[in-house]
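**Q** Okay, here's the structure, questions in a sec.
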Amino acid sequence: TFTLTPTFVGATAQSVSIATGPGSLATALRVYYTVTPLYVNTPRAPQSVDEYNVAEAAYLKGDWTAYIADLQQIATIEPTAADVPYDIGEAYRLQGDYKDALDAYTSSLHINSSFAPSYLGMARANLLRNPNTDITQLLSTALQFDPNYGEVYLERANYYLYHNQPDLALNDLDSANKRMPNSALVQLSYARAYLAQGNVEKGLASAEQANQIDQTLLPTYFVLGQAYVANAKYTDAIKPLNTF
């Protein structure tokens, strides 16, 4: 399964459904979402363009074995491209394989030590290994190399929320929101932060906004239900909770 914020480096962004089949929320609601904006669009070497298109197709299908194999072929053609081992790391991470993911991110940083996405990937992989891992230094390093990397602010905000520090989370969410406008993920985290503070009206407003932006983002339905309950709108809570 995809994580909420995979960052595919080098592909062409497009609108796609989250999944297909009778159990898909996108299919049930007949709605679509747009993938997370790409960090960079790396020009590919002419001899690896076709292979990369095949890899991208495998990525969109969630065929991680084929995706990794395709990227490993590209890595032999482009040994100085830091984004290729990074993308391999993302594939391992999305399968829950934090060990191989960390090895791939490390390989990426050996090529380019200032490649910010690999620090974010390492932070996420370390959380797979242990949810209580302190990832703030890795995220700070990513921001040192790219202060405008919105996903890093969002990841750090979610880290603070996990550790019940909504005030710190809101600071990072403000930074993320400036760089990722109209992001359902940012609004979802805003909702969680406001609810944790006891600011139930703002929590509900953010949860509603997240749901309006992306109706296929499943956790939004749970948080929206929580927000309705917190605002004593119990009847309104039933529909999103049933959807969840």
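Residues are referred to by chain and number: the chain letter is A, B, ... according to the order shown in the structure tokens, the number counts from 1 in that chain, and ligands are numbered separately from 1 in the order shown.
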Please report, as a ChimeraX atom specification, each residue of range 8-198 of chain A to which DSSP assigns helix (DSSP H, G or I) when run on this structure's backbone.

**A** /A:25-29,46-61,64-77,83-94,98-111,116-129,136-145,150-162,166-179,184-197

**Q** Env of range 172-187 of chain A: 7 Å cut, atoms = only C-alpha atoms, seq-sep filter 2 positions within chain, self excluded. Answer as a ChimeraX atom specification.

**A** /A:148,150-151,153-154,156-157,168-170,189-191,206-207,209-210,213-214

**Q** Using Å and a single decimal, report how far CA of Phe115 in chain A sits from CA of Asp70 in chain A.

**A**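 Between CA of Asp70 in chain A and CA of Phe115 in chain A the gap is 21.5 Å.
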
**Q** Please list as a PyMOL selection string every residue within 9 Å of range 46-49 of chain A, counting only C-alpha atoms and excluding residues in the same chain fewer than 6 positions away.

**A** chain A and resi 73-74+77-78

**Q** Compile the contact shell of Asn199 in chain A as a list in words: residues with an atom at most 10 Å away, counting only C-alpha atoms, same-chain residues fewer than 5 positions apart removed.

**A**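 Final neighbour list, sorted by chain and number: Ala191, Arg192, Ala193, Tyr194, Leu204, Ala227, Ala230 and Asn231 of chain A.
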
**Q** Can I get the selection written as a CSV table (one decimal), in the first residue's frame, with N, CA, C and O atoms?

**A**
```csv
chain,number,residue,atom,x,y,z
A,191,ALA,N,-6.2,19.7,11.7
A,191,ALA,CA,-7.4,19.2,12.5
A,191,ALA,C,-7.0,18.4,13.7
A,191,ALA,O,-7.5,18.7,14.8
A,192,ARG,N,-6.1,17.5,13.6
A,192,ARG,CA,-5.6,16.8,14.7
A,192,ARG,C,-4.9,17.7,15.7
A,192,ARG,O,-5.1,17.5,17.0
A,193,ALA,N,-4.2,18.6,15.3
A,193,ALA,CA,-3.5,19.5,16.2
A,193,ALA,C,-4.5,20.4,17.0
A,193,ALA,O,-4.4,20.5,18.2
A,194,TYR,N,-5.4,21.0,16.3
A,194,TYR,CA,-6.4,21.8,17.0
A,194,TYR,C,-7.3,21.0,17.9
A,194,TYR,O,-7.6,21.5,19.1
A,204,LEU,N,-12.7,21.2,13.6
A,204,LEU,CA,-13.8,20.7,12.7
A,204,LEU,C,-13.6,21.4,11.3
A,204,LEU,O,-13.7,20.8,10.3
A,227,ALA,N,-14.2,15.2,15.2
A,227,ALA,CA,-14.4,16.6,15.3
A,227,ALA,C,-15.9,16.9,15.5
A,227,ALA,O,-16.2,17.8,16.3
A,230,ALA,N,-16.7,16.1,19.0
A,230,ALA,CA,-16.1,17.1,19.9
A,230,ALA,C,-16.9,18.4,19.9
A,230,ALA,O,-17.0,19.1,20.9
A,231,ASN,N,-17.6,18.6,18.8
A,231,ASN,CA,-18.5,19.8,18.7
A,231,ASN,C,-20.0,19.5,19.0
A,231,ASN,O,-20.8,20.3,18.8
```
